[in-house]
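Following: one structure in structure tokens, then a few remarks.
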There are 2 protein chains.
Amino acid sequence: MFSPPFLRTRIRIAKPSIFRPRYNSLSTNTEHVEKKKKKKKKNIHKMDAEQFRAAAHSAIEEIIQYFNTLPSKRVLPNIEPGYLRPLLPTSAPNDPEPWSKIQPDIESKIMPGLTHWQSPNFMAFFPAGVTYPSLLGEMYSAAFTAPAFNWLCSPACTELEIVVMDWLAQAFGLPDCFLSAASSKSGKSTGGGIIQGSASEAVATVIVAARERHVRAEAAAEGLVEDTPEWEDRIMELRPRLVALGSDQAHSCTAKGARIAGVRFRTVPAHLADNMEMRGEALRKVLEQCEKDGLEPFYLTSTMGTTNSCAIDRFGEIKAVLAEKEAWRKVWVHIDAAYAGSALLTEEWQHVAQEFAEGIDSFDMNMSKWLLVNFDASCLFVRNAVDLTNALDVTPAYLRNPSTLTTPVTDFRNWQIPLGRRFRALKVWFVMRAYGLSGMKAHIRNGINIGRVFTDLVKGREDLFEIVTKPAFGLTALRVRGLGENVSNGTVSMASSGAITKKVCETINARGEVFLTSSVIDGVTVIRVVSGNPMAAEEYVRRAFDILVGVSEEVLAEEKTKHEQNAKN
Amino acid sequence: MFSPPFLRTRIRIAKPSIFRPRYNSLSTNTEHVEKKKKKKKKNIHKMDAEQFRAAAHSAIEEIIQYFNTLPSKRVLPNIEPGYLRPLLPTSAPNDPEPWSKIQPDIESKIMPGLTHWQSPNFMAFFPAGVTYPSLLGEMYSAAFTAPAFNWLCSPACTELEIVVMDWLAQAFGLPDCFLSAASSKSGKSTGGGIIQGSASEAVATVIVAARERHVRAEAAAEGLVEDTPEWEDRIMELRPRLVALGSDQAHSCTAKGARIAGVRFRTVPAHLADNMEMRGEALRKVLEQCEKDGLEPFYLTSTMGTTNSCAIDRFGEIKAVLAEKEAWRKVWVHIDAAYAGSALLTEEWQHVAQEFAEGIDSFDMNMSKWLLVNFDASCLFVRNAVDLTNALDVTPAYLRNPSTLTTPVTDFRNWQIPLGRRFRALKVWFVMRAYGLSGMKAHIRNGINIGRVFTDLVKGREDLFEIVTKPAFGLTALRVRGLGENVSNGTVSMASSGAITKKVCETINARGEVFLTSSVIDGVTVIRVVSGNPMAAEEYVRRAFDILVGVSEEVLAEEKTKHEQNAKN
């Protein structure tokens, strides 16, 4: 099987050139292949250094042009599902195509199908920015490609990552325990940071780590010995009782992470009366219910900046409740600060980071949202790295290397779900240096200020809109008032407001000038507006507000007409 | 909490420029901030389009130069663990730094710590290549940054991915069931392909999908209803009995995937007598033992091209055994072809793909190993996409969009562990077009041929070396003969061979001229040699062979001297 007849022929290979496959230099003594070769020779185009230089220069111009023209582009594409397939061949080309044939297809075929997350008119979900220094990082990262699963696989990948994660932890004012030992003031930290692909991947990772920490501790306390059948049986017996928790405002990735880890998931209800922040009292109720049901809570996602409304859970209350019982003290607390964590850069928010000095096991934020590094760059900090490696290290002989065995090097594959990893630290390094902490802080403050401008505009039209949750971190969640609502006399029409708010959002997105997200918060349908990518600016939220007002008035007028006609009939 | 005093001041924002944060345009009416601002203004450097153009051109020259000089570079770095930290500041700079200050640090600080996977002297692990068209793909992907978790988030990301995965499935001769419905001959395929980050991520993903398929089917057969407490309890009760299987030659990511999914893992032994291929008989024994132990096998990793020696499991035998019992027919069979799957491009290997027409649930290969696309690009093909979405879809309201609800669009977040995803299809598209299928095939054949050249050289020194497993897909696994071994009279010294082989590999790697991997196969210590990155060529494996011979003779002479001295004393 390993040696098919075709390849048993004697093959001479011509002197190789640099960085290209030598597919035009294969030659064999079989007639069949000779014929093929002749046909091929004519058609072979490979991209050499000169061609790459020209192609890359052209790509750079197209990229610059892309960013320059973004503000005038429709932010949402104007296509139907399935638009692309008819534009492309049904199979890959047999013969190589020159870049001059490939590049124009980006403009003609890909561009029409892009949603422009970098547009200043993108105000949906959360921002996911890219900047020029970050792009340079991606270029070098690709050039130095190494799936650096262990230290020796490319030491610079691991070592730069440890350093820049320390830089970031310091800049956020994270407690000493989240820095690597080398950077920690005590010199004794057992934690540190790692760049993961996404906040959802980070959550799945820490749920698995928390699950293993929990069952391993129980099995060990019972005197069982690792790697014995009894240990395995006991661990399997313990796992089905485990339950992961998060507020009902926690990102869906906690539910998904629990599914992946094969554990139960329960939500802690949050309410508008508390601005959708998870409260200690609500958590206690769920913990007690779990006990009644014979379940063991082992993990909690607590959020700084919830997806719906950027609420900040009441960390102090949560920690106080978890301290009440021995069993609850064992719960792994993860802070999901995927978006809002970036604000920790600014002095005015660093008091939040101080709350993580005790009782918090892990903290994650995405530079790839608000902090000028393009996706992927999710920065996960853990208090005890051994909690990750105990769960995720299954080292076989062929992945060991002398440095790993004899010196204190970090093999990041044991801190994450995948084995291989990209050299993401380069783009983080470039961005932190090109912007400096001062530039990064200014960017964050700018985003918060733009949000405040928008909030003020909304407040100026109390007749049309109500702000549903406290605006925070540049995000405003509002509803369009229903038919017959009247601020002055306190009339409310929530049912009508829900349908109208949803329709307003859908109408705006269908027109594609700005992109907003609608959601439901504690039963109230809202439109979320958040503008924090690198191009964000006041003028665009002013324009978005004008569009919002126009469409709302339009939809309200239509609804009113419908309502009146219904009343007539 | 959401509105710290510092930011309550009135803030004016200057007219924005394109694609840069306006951190120099913040102004407030507080004296304190005015002072700060003045200090800042002086130091602000941001990267604008012109600066990016210059930086990117310079980066491109450096990248071209990097590839051009790779063959003469030491492949392994000559540094000690911890080399980088002393070279870098202890914290991020406060003020922005110009690119002219950043770029030189790549050469002076990063380069010395790189392991050069693109070097033609890299013959360790498996190749992880990068090519110029792939690099262009990364540039555009970063420019178009969108964490495209659902279709609307950037339709082109999803749609191009479906098309290029179909192209690839066709090019591999994969059975119809692994193409999307639109490309399948029957028009009725329920499967398709997705680009994941790594083969290990793909394995974790399918183990979770297999686990859910298994327990969901059992719970449903018992008449339980989804989303009820009884359903959840029953599923939790069923999971601890589940066991994932793989041969003892399967990549460690199966053991890790089982750990992540919280299920047991058992290995099927493979032996040198069978060239380390998993046999049906050995699988049957393990299946029967599982039944005796009250366990339910639900998943099997079967490998095309094992990590140690590129063995191909006996798919026919495995499928025949699994067909023997109703319970066994439910086992999810995953083909891990991370490295060797690329060979399916060539006609002479496509008979293997035909074996997947029945009884195989998923197939994964990494273009990011041998197929000219840089890491990350792991191509996972599944027979029934709904197996993935049943396990991984936990859709909350705010992630729904009209297209998802009303039209047949694919939301790839439900096919994978993370939520967000990069636009990886671009680099796959560029590579498939720039090389053409003919160019890609020639590259694969070149790699196989280079391997054959190396194998022949090894065979020419039977006095020094023994080839341990059948060379395949360019990989040769050999051992250095032990002291006192003699081919002509059949003397063997395995103990001595193991220590010497390991020492030879360590010595070669310590010198850093070539990078090889040592491993242990069925108790035999081997050196694996595989050279298939885009720069690979015959001259480099010839040089590697000379080094191997030289070091082996050196180590053997040393050992002999030691041995003789010991005998004297």
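A note on labels: chains of the structure tokens are A, B, ... as shown, every chain counts residues from 1, and ligands are counted from 1 in their shown order.
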Item to complete: Might you pull out every residue within 8 Å of Ser180 in chain B, with only C-alpha atoms counted and same-chain residues fewer than 6 positions away left off, and present them as an MDAnalysis selection string?
Response: chainID B and resid 162 166 189:193
Practice prompt. May I have the residues within 8 Å of Trp117 in chain A as a list in words, using only C-alpha atoms and disregarding those fewer than 6 positions away in the same chain?
Written response: Val75, Pro127, Ala128, Gly129 and Asn533 of chain A; Phe144, Thr145 and Ala146 of chain B
Practice prompt. Show which residues sit within 12 Å of Asp387 in chain A, as a count of residues only. Count only C-alpha atoms, and ignore same-chain residues fewer than 5 positions away.
Written response: 26
Worksheet item: Mind pulling up the distance from CA of Ala425 in chain A to CA of Phe122 in chain B?
Response: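 Going from CA of Phe122 in chain B over to CA of Ala425 in chain A covers 23.0 Å.
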Worksheet item: Leaving out range 275-283 of chain A and any residue of its chain fewer than 3 positions from it, which residues lie within 12 Å of it when counting only C-alpha atoms, given as a ChimeraX atom specification?
Response: /A:245-250,266-272,286-290,297,300-324,328,467-472,477,520-524 /B:1-2
